[in-house]
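This report concerns only the one structure given below.
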2 protein chains.
Amino acid sequence: VTGAEALARTAVAGGIDMVFTNPGTTETHLVAAFEAEPGVRQVLCLFEGVCTGAADGYGRIAGKPAVALMHMGPGLANGLANLHNARRGGAPLVAVVGDHARSHRNVDAPLTSDIASLAGAMSDWVRTTGAPDEVSRDMAAAIAVAQRGAVATLVVPTDCQWSTVDAPIVSIPPWTCGFYEHRVAETAEALQAATPSRAALLIGGRLDEATLRAADRVAHAVGCRLLVDRAPQFQVGSVDVPAPERLEFPSDLLAQQLAALDLLVLAGAELPKAFFATTHSPNHPVQPDTRVQLLAEPEDDVLGALQALVEVLGGPEPDPSSREPVTPPTGALTRESLAAVVGSTQPSGALVVDEAITSGFPYRRLLDRCPPHTWVPVTGGAIGFGLPAAIGVALAAPERTVLALVGDGSAMYTIQALWTQARLGLEVTTIICSNRRYAILAGEYQKAGFGDSQSSAAHLFELQRPELRWPELSASMGVPGTSVNTAEGLRAALMRALEEPGPHLIEAQLVP
Amino acid sequence: VTGAEALARTAVAGGIDMVFTNPGTTETHLVAAFEAEPGVRQVLCLFEGVCTGAADGYGRIAGKPAVALMHMGPGLANGLANLHNARRGGAPLVAVVGDHARSHRNVDAPLTSDIASLAGAMSDWVRTTGAPDEVSRDMAAAIAVAQRGAVATLVVPTDCQWSTVDAPIVSIPPWTCGFYEHRVAETAEALQAATPSRAALLIGGRLDEATLRAADRVAHAVGCRLLVDRAPQFQVGSVDVPAPERLEFPSDLLAQQLAALDLLVLAGAELPKAFFATTHSPNHPVQPDTRVQLLAEPEDDVLGALQALVEVLGGPEPDPSSREPVTPPTGALTRESLAAVVGSTQPSGALVVDEAITSGFPYRRLLDRCPPHTWVPVTGGAIGFGLPAAIGVALAAPERTVLALVGDGSAMYTIQALWTQARLGLEVTTIICSNRRYAILAGEYQKAGFGDSQSSAAHLFELQRPELRWPELSASMGVPGTSVNTAEGLRAALMRALEEPGPHLIEAQLVP
């Protein structure tokens with residue numbers, strides 16, 4: 001076999017069945033090798049940021065890595081922002097990048113660049129294959145790293161792809177995670193010793209219903225607060241699933257939220273951090289005298305650890321309680337009415353991709369009053385995630401409906417994703433939260449004391465002049481689009497989109 | 001003044017008048033500071049790849065750097081592919097990237113990444129400002145580096161922007177380049193000693209009419225061959241301007257082209273390199289026994305060096321000769337008839353941005369039969385250059401008409417550029433060379449022995465299913481668009497577009 005064939009077979013042996021790609025000359029052999037594997041589907045994206053965002057979404061919902069196959073330094077560079085999001089979210093993802101033949105590396109040809117440095121900045125693991133016989137071993141290592149919830153980038157010179165290899169294909173079994181018993185015991189002891197109102201359990205990562213219920217039972221057993229990461233990999237929501245208090249985004253509010261804690265237990269979550277430093281907020285929202293107790297790290301069996309903790313702590317099952325479902329509003333389309341329309345109209349079992357930066361705040365407060373669904377937020381703060389991620393989650397769960405709530409500014413970053421949605425006929429409905437501005441920046445500008453929407457720099461935060469004509473833009477790439485400006489209109493458009501097969505786009509024009 | 005104000009004033013003192021940006025929270029203070037400078041224009045782009053491509057185009061035609069202002073690691077990452085092109089073309093460009101406050105750098109907040117590593121892979125120079133008092137000095141250093149034809153990236157932590165500085169504003173005079181007399185003497189001697197048919201002068205960089213004429217006079221004086229880089233920064237063309245033989249793209253043809261040389265003189269060009277290594281072509285197209293003589297490096301005064309060489313070599317002015325202008329063809333729209341329509345219709349003085357990867361080959365062979373124009377090709381092999389670069393060249397020469405020939409695959413990489421073209425009402429006409437495929441990849445795939453357009457992997461190289469509806473896509477961002485599929489139709493559409501003010505897009509549907 002050739003090196004490229006060895007890589008593709010190693011991928012299959014490691015459970016990989018999906019490749020998102022925009023290949024170039026240095027990926028020709030890899031494309032042919034993946035195409036020869038009946039168990040692998042290759043999906044063409046019109047920009048690498050779509051490949052990596054789709055692979056992020058796929059990895060989160062499938063629970064195993066997809067491959068993002070990209071062309072040399074510039075191709076990888078285009079995919080880095082969504083690799084960053086995947087890495088920050090702990091999503092499993094293998095990036096494969098073709099490079100010049102080894103003999104051509106030091107020629108300084110036009111497309112030459114330092115790929116490993118680029119990859120290193122947004123990957124947990126990087127390797128450049130040194131010889132054809134190492135291709136399978138390196139790909140297996142990349143998959144093994146990625147399976148644990150990490151971004152692994154493998155750079156493969158073309159001559160290592162086209163040369164014949166003698167080394168065996170390395171097979172990687174699916175990853176089975178565990179947890180540490182002694183951390184369960186320590187955590188139980190710490191929680192029992194703490195003043196309940198001054199203790200909190202913070203969860204993050206892959207928040208399925210069982211994990212949320214186990215965490216809720218721990219909190220009930222000792223009476224402590226239950227907190228959840230700002231942006232977990234995903235989180236299940238419904239009227240009867242526990243809905244923990246979410247960490248605040250503004251640095252000052254986050255510090256207030258965590259100020260009164262003697263004990264903070266981490267389960268699948270990292271230590272809370274301020275998103276940005278400001279002139280007036282602390283870098284470390286957790287007080288120095290708070291005891292931080294690690295129960296389980298993101299790559300551990302968080303559910304297992306929580307269930308073991310429930311065993312130790314005992315206590316009754318919390319009373320089943322059910323919240324009032326959201327009801328559909330009428331009238332003007334505000335952030336609040338948009339949230340209520342979506343929350344009352346989304347079908348049971350929906351996957352909801354959320355990159356509605358400022359417009360999404362009210363929706364996020366309603367997750368616990370929606371039909372059962374899985375919420376998939378942008379994790380690393382890099383915009384351009386939503387439309388690509390919708391491709392990945394749709395392919396990972398073809399039987400489920402996908403909704404993507406995306407800000408207009410964010411959507412324009414990777415708008416090419418619509419073409420792939422149309423090509424594959426995916427059941428994705430994108431709702432563009434259209435406020436015709438980068439609202440978060442306008443807000444930051446005002447907070448920094450430089451003036452409001454009347455200031456001379458306002459033209460740098462607004463998306464009018466010209467207005468983006470979303471229905472046309474969407475239709476031009478094969479996705480039927482419409483535009484609405486009332487709550488009733490949004491509900492009707494959403495119901496129609498959910499009825500008709502294939503992808504749709506709805507521009508929800510918010511009142512200014 | 002604050003650090004941000006010091007940076008903006010240093011920029012103005014260094015001759016900077018244009019900022020292409022998609023700012024974020026960490027650029028708030030820089031946006032406000034640039035906005036306060038009446039000599040600086042800030043242009044909003046909907047994706048960072050548009051910012052860097054526009055800055056590349058601006059720098060090439062203005063002959064001085066613009067600033068691309070971007071948000072942290074992910075924003076810079078989105079701009080890297082076109083930074084790569086700028087660096088490979090030797091275009092002057094200053095990238096400014098906001099980062100976390102210094103106190104927040106090691107907190108590992110969600111948007112944290114190793115910005116300097118990212119920047120280093122695609123910049124000639126990188127610095128991270130260490131203190132507010134260093135901001136002006138660092139920005140001045142960046143401008144000084146960029147002026148010489150380089151990409152300089154400065155990373156500025158937010159606290160260095162908002163803090164008060166006491167250090168003076170550093171002023172950078174415009175760059176004046178020179179050349180080495182002794183290299184002129186050595187080159188003259190080498191050319192005179194060589195067998196004329198086995199000697200060549202290779203030129204590159206900023207190829208204005210005077211440079212092309214001086215190079216032509218040198219070649220005539222000694223009877224040697226005159227060669228030109230595959231992708232110079234720009235090259236003037238017309239029926240009576242010298243049109244040197246262009247270096248070949250395929251590695252084997254390039255090696256043949258350079259095989260018979262005893263002497264190769266470089267003037268503003270780098271040593272020729274194979275674009276890609278293949279299993280059958282050499283890495284080094286220049287033979288080991290060819291003497292390579294450096295007359296002037298890209299950042300030198302190449303024209304001055306060539307004129308000095310003319311002085312030494314003497315010889316008469318070459319006879320003024322004029323080639324037959326292209327005439328407009330009729331009938332089917334092929335790559336060849338597209339080239340002839342554009343070449344016969346483009347107005348005198350046009351700036352022609354060229355990212356028509358495979359579709360552009362025939363046009364590039366006609367540069368010497370077009371009305372006087374400046375050809376601006378993609379230099380680094382990273383696609384997504386054409387639409388953004390058209391913004392930059394249009395702003396650098398507002399009195400000139402801009403044509404952008406862009407492949408459909410390339411255009412989709414940075415399609416958001418159309419919005420900025422519409423917003424500014426730029427005189428840009430984009431011709432989408434629409435062959436509905438990544439033709440260069442399909443060709444490479446076939447050459448590698450994996451089969452033709454009937455192969456199972458063909459779906460990874462084609463842009464149909466669904467077809468991109470270019471007129472709608474264009475109109476959705478405010479640029480009137482049309483679609484043509486005959487030579488007459490293209491000519492009529494182009495003439496209309498040139499008559500009407502503002503940007504236009506024409507899809508030229510090529511026969512398969």
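Numbering starts fresh at 1 for the residues of each chain in the structure tokens, the chains themselves are lettered A, B, ... in the order given, and ligands are numbered from 1 as they appear.
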
Original post:
Which residues come within 7 Å of segment 234-239 of chain B, counting only C-alpha atoms, excluding same-chain residues fewer than 5 positions away, as number ranges by chain?
Top reply: B: 205-209, 322-325, 367-377

**OP:** Show me which bits of chain B are within 6 Å of chain A, counting only C-alpha atoms, as a ChimeraX atom specification.
**Re:** /B:28,44,47,74,77-78,81,104,109-111,113-114,117-118,121,273,275,277,283,380-382,413,423,445,460,465-466,468-469,472-473,476-478

Would you put the residues from that selection into a file with N, CA and C atoms, as a CSV table (one decimal), in the first residue's frame?
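Okay, selection.csv is ready:
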```csv
chain,number,residue,atom,x,y,z
B,28,THR,N,-10.9,47.9,20.3
B,28,THR,CA,-11.8,49.0,20.5
B,28,THR,C,-11.0,50.3,20.6
B,44,LEU,N,-14.4,48.9,6.7
B,44,LEU,CA,-14.9,47.6,7.4
B,44,LEU,C,-15.0,46.5,6.3
B,47,PHE,N,-14.8,39.9,6.8
B,47,PHE,CA,-14.0,38.8,7.2
B,47,PHE,C,-12.6,39.2,7.1
B,74,PRO,N,-7.7,34.2,16.5
B,74,PRO,CA,-8.6,33.7,15.4
B,74,PRO,C,-8.8,34.7,14.3
B,77,ALA,N,-5.8,34.6,12.3
B,77,ALA,CA,-5.8,33.3,11.5
B,77,ALA,C,-6.6,33.4,10.2
B,78,ASN,N,-7.8,34.1,10.3
B,78,ASN,CA,-8.6,34.3,9.2
B,78,ASN,C,-7.9,35.1,8.1
B,81,ALA,N,-4.0,33.7,5.1
B,81,ALA,CA,-3.8,33.2,3.7
B,81,ALA,C,-3.4,34.3,2.8
B,104,HIS,N,-3.6,39.5,31.6
B,104,HIS,CA,-4.6,38.4,31.3
B,104,HIS,C,-4.1,37.3,30.4
B,109,ALA,N,-7.7,32.3,28.9
B,109,ALA,CA,-9.1,32.7,28.6
B,109,ALA,C,-9.5,32.1,27.3
B,110,PRO,N,-10.8,32.0,27.0
B,110,PRO,CA,-11.2,31.3,25.8
B,110,PRO,C,-10.6,31.8,24.5
B,111,LEU,N,-10.4,33.1,24.4
B,111,LEU,CA,-9.8,33.6,23.1
B,111,LEU,C,-8.3,33.6,23.1
B,113,SER,N,-4.6,32.6,22.4
B,113,SER,CA,-3.8,31.6,21.6
B,113,SER,C,-2.4,32.3,21.4
B,114,ASP,N,-1.5,31.5,20.8
B,114,ASP,CA,-0.1,31.9,20.6
B,114,ASP,C,-0.1,32.8,19.3
B,117,SER,N,3.2,33.0,17.2
B,117,SER,CA,3.5,31.8,16.3
B,117,SER,C,2.7,31.8,15.1
B,118,LEU,N,1.4,32.2,15.2
B,118,LEU,CA,0.6,32.3,14.0
B,118,LEU,C,1.2,33.3,13.1
B,121,ALA,N,4.5,32.6,11.0
B,121,ALA,CA,4.5,31.7,9.8
B,121,ALA,C,4.2,32.4,8.6
B,273,LYS,N,11.9,28.6,-8.5
B,273,LYS,CA,11.7,27.3,-7.8
B,273,LYS,C,10.5,26.6,-8.4
B,275,PHE,N,7.0,25.0,-8.3
B,275,PHE,CA,5.9,25.3,-7.4
B,275,PHE,C,5.6,24.1,-6.5
B,277,ALA,N,6.9,19.8,-5.9
B,277,ALA,CA,7.7,18.6,-6.3
B,277,ALA,C,6.7,17.6,-6.8
B,283,ASN,N,13.7,19.3,-7.9
B,283,ASN,CA,13.3,20.4,-7.0
B,283,ASN,C,13.9,21.7,-7.4
B,380,GLY,N,1.2,34.1,-4.0
B,380,GLY,CA,1.6,33.0,-3.1
B,380,GLY,C,0.9,31.7,-3.2
B,381,GLY,N,0.0,31.6,-4.2
B,381,GLY,CA,-0.7,30.4,-4.4
B,381,GLY,C,-1.8,30.1,-3.4
B,382,ALA,N,-2.1,31.1,-2.5
B,382,ALA,CA,-3.3,30.9,-1.6
B,382,ALA,C,-4.5,31.6,-2.2
B,413,TYR,N,-14.0,31.7,-1.7
B,413,TYR,CA,-13.2,31.8,-0.5
B,413,TYR,C,-13.4,33.1,0.3
B,423,ARG,N,-20.4,48.8,-0.7
B,423,ARG,CA,-20.4,49.9,0.3
B,423,ARG,C,-19.7,51.1,-0.1
B,445,TYR,N,-5.3,15.5,-10.2
B,445,TYR,CA,-5.8,14.2,-9.8
B,445,TYR,C,-5.6,13.2,-11.0
B,460,LEU,N,-15.4,15.9,-5.5
B,460,LEU,CA,-14.6,16.7,-4.6
B,460,LEU,C,-14.0,17.9,-5.4
B,465,ARG,N,-24.2,21.1,-8.5
B,465,ARG,CA,-25.0,20.4,-7.4
B,465,ARG,C,-24.9,21.0,-6.0
B,466,PRO,N,-25.4,22.1,-5.7
B,466,PRO,CA,-26.2,23.0,-6.6
B,466,PRO,C,-25.2,23.9,-7.3
B,468,LEU,N,-23.9,27.5,-8.3
B,468,LEU,CA,-23.9,28.8,-7.7
B,468,LEU,C,-24.6,29.8,-8.6
B,469,ARG,N,-25.6,30.5,-8.1
B,469,ARG,CA,-26.3,31.5,-8.9
B,469,ARG,C,-25.6,32.8,-8.6
B,472,GLU,N,-27.5,36.4,-8.4
B,472,GLU,CA,-28.2,36.6,-7.1
B,472,GLU,C,-27.2,36.8,-5.9
B,473,LEU,N,-26.2,36.0,-5.9
B,473,LEU,CA,-25.2,36.0,-4.9
B,473,LEU,C,-24.6,37.4,-4.8
B,476,SER,N,-27.2,40.1,-3.7
B,476,SER,CA,-27.5,40.0,-2.3
B,476,SER,C,-26.6,40.9,-1.4
B,477,MET,N,-25.4,41.1,-2.0
B,477,MET,CA,-24.4,42.0,-1.2
B,477,MET,C,-24.3,43.4,-1.8
B,478,GLY,N,-25.2,43.7,-2.7
B,478,GLY,CA,-25.3,45.1,-3.2
B,478,GLY,C,-24.5,45.3,-4.5
```

**OP:** Give the strand (DSSP E) residues of segment 27-139 of chain B, as assigned by DSSP on the backbone, as a VMD selection string.
**Re:** chain B and resid 41 to 44 66 to 71 93 to 99 125 to 128

Selection from above, N, CA and C atoms, as a PDB file, in the first residue's frame, can you write it?
```
ATOM      1  N   ARG B  41      -8.342  56.552   6.743  1.00  0.00           N
ATOM      2  CA  ARG B  41      -9.651  56.008   6.402  1.00  0.00           C
ATOM      3  C   ARG B  41      -9.730  54.577   6.908  1.00  0.00           C
ATOM      4  N   GLN B  42     -10.769  54.262   7.659  1.00  0.00           N
ATOM      5  CA  GLN B  42     -10.975  52.890   8.114  1.00  0.00           C
ATOM      6  C   GLN B  42     -12.068  52.245   7.285  1.00  0.00           C
ATOM      7  N   VAL B  43     -11.784  51.070   6.775  1.00  0.00           N
ATOM      8  CA  VAL B  43     -12.716  50.359   5.894  1.00  0.00           C
ATOM      9  C   VAL B  43     -13.103  49.047   6.567  1.00  0.00           C
ATOM     10  N   LEU B  44     -14.409  48.852   6.742  1.00  0.00           N
ATOM     11  CA  LEU B  44     -14.908  47.624   7.361  1.00  0.00           C
ATOM     12  C   LEU B  44     -15.005  46.503   6.322  1.00  0.00           C
ATOM     13  N   ALA B  66      -0.678  49.655   3.851  1.00  0.00           N
ATOM     14  CA  ALA B  66      -1.909  49.896   4.595  1.00  0.00           C
ATOM     15  C   ALA B  66      -1.831  49.042   5.859  1.00  0.00           C
ATOM     16  N   VAL B  67      -2.725  49.325   6.807  1.00  0.00           N
ATOM     17  CA  VAL B  67      -2.832  48.503   8.011  1.00  0.00           C
ATOM     18  C   VAL B  67      -3.998  47.536   7.859  1.00  0.00           C
ATOM     19  N   ALA B  68      -3.772  46.267   8.217  1.00  0.00           N
ATOM     20  CA  ALA B  68      -4.871  45.315   8.397  1.00  0.00           C
ATOM     21  C   ALA B  68      -5.009  45.132   9.904  1.00  0.00           C
ATOM     22  N   LEU B  69      -6.136  45.575  10.454  1.00  0.00           N
ATOM     23  CA  LEU B  69      -6.353  45.561  11.908  1.00  0.00           C
ATOM     24  C   LEU B  69      -7.282  44.404  12.261  1.00  0.00           C
ATOM     25  N   MET B  70      -6.780  43.462  13.048  1.00  0.00           N
ATOM     26  CA  MET B  70      -7.514  42.212  13.278  1.00  0.00           C
ATOM     27  C   MET B  70      -7.572  41.829  14.756  1.00  0.00           C
ATOM     28  N   HIS B  71      -8.498  40.915  15.054  1.00  0.00           N
ATOM     29  CA  HIS B  71      -8.856  40.573  16.432  1.00  0.00           C
ATOM     30  C   HIS B  71      -8.179  39.287  16.893  1.00  0.00           C
ATOM     31  N   LEU B  93       2.998  45.783   3.944  1.00  0.00           N
ATOM     32  CA  LEU B  93       1.757  45.568   4.705  1.00  0.00           C
ATOM     33  C   LEU B  93       2.077  45.535   6.200  1.00  0.00           C
ATOM     34  N   VAL B  94       1.307  46.272   6.974  1.00  0.00           N
ATOM     35  CA  VAL B  94       1.427  46.225   8.435  1.00  0.00           C
ATOM     36  C   VAL B  94       0.158  45.590   9.003  1.00  0.00           C
ATOM     37  N   ALA B  95       0.318  44.449   9.659  1.00  0.00           N
ATOM     38  CA  ALA B  95      -0.809  43.829  10.351  1.00  0.00           C
ATOM     39  C   ALA B  95      -0.728  44.237  11.820  1.00  0.00           C
ATOM     40  N   VAL B  96      -1.845  44.714  12.350  1.00  0.00           N
ATOM     41  CA  VAL B  96      -1.912  45.065  13.772  1.00  0.00           C
ATOM     42  C   VAL B  96      -2.977  44.177  14.410  1.00  0.00           C
ATOM     43  N   VAL B  97      -2.600  43.528  15.492  1.00  0.00           N
ATOM     44  CA  VAL B  97      -3.476  42.559  16.142  1.00  0.00           C
ATOM     45  C   VAL B  97      -3.592  42.914  17.619  1.00  0.00           C
ATOM     46  N   GLY B  98      -4.810  43.098  18.084  1.00  0.00           N
ATOM     47  CA  GLY B  98      -5.022  43.336  19.506  1.00  0.00           C
ATOM     48  C   GLY B  98      -4.942  42.034  20.276  1.00  0.00           C
ATOM     49  N   ASP B  99      -4.448  42.112  21.495  1.00  0.00           N
ATOM     50  CA  ASP B  99      -4.381  40.915  22.342  1.00  0.00           C
ATOM     51  C   ASP B  99      -4.904  41.269  23.731  1.00  0.00           C
ATOM     52  N   TRP B 125       8.269  39.824   9.766  1.00  0.00           N
ATOM     53  CA  TRP B 125       8.683  40.465  11.026  1.00  0.00           C
ATOM     54  C   TRP B 125       7.505  40.410  11.983  1.00  0.00           C
ATOM     55  N   VAL B 126       7.757  40.077  13.227  1.00  0.00           N
ATOM     56  CA  VAL B 126       6.697  40.027  14.242  1.00  0.00           C
ATOM     57  C   VAL B 126       7.226  40.637  15.532  1.00  0.00           C
ATOM     58  N   ARG B 127       6.424  41.440  16.166  1.00  0.00           N
ATOM     59  CA  ARG B 127       6.781  41.901  17.504  1.00  0.00           C
ATOM     60  C   ARG B 127       5.521  42.003  18.358  1.00  0.00           C
ATOM     61  N   THR B 128       5.674  41.702  19.660  1.00  0.00           N
ATOM     62  CA  THR B 128       4.593  41.893  20.617  1.00  0.00           C
ATOM     63  C   THR B 128       5.021  43.023  21.543  1.00  0.00           C
TER      64      THR B 128
END
```

**OP:** Excluding segment 498-506 of chain B and any residue of its chain fewer than 2 positions from it, enumerate the residues within 7 Å of it, using only C-alpha atoms, and give them as an MDAnalysis selection string.
**Re:** chainID B and resid 421:422 425:432 474 479:483 494:496 508

**OP:** Pick out each residue of segment 257-369 of chain A that DSSP on the backbone tags as helix (DSSP H, G or I); I need them as a VMD selection string.
**Re:** chain A and resid 257 302 to 313 335 to 345 361 to 364 367 to 369

**OP:** Could you check how far atom CA of Thr52 of chain A sits from atom CA of Val302 of chain A, in Å to one decimal?
**Re:**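 Atom CA of Val302 of chain A lies at a distance of 26.0 Å from atom CA of Thr52 of chain A.
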
**OP:** Write out as a list of chain:residue names the residues lying within 9 Å of Leu227 of chain B, counting only C-alpha atoms and excluding same-chain residues fewer than 2 positions away.
**Re:**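 Once the adjacent positions are removed, what remains is B:Ala200, B:Leu201, B:Leu202, B:Ile203, B:Gly204, B:Arg225, B:Asp229, B:Ala243, B:Pro244, B:Glu245, B:Arg246, B:Leu247.
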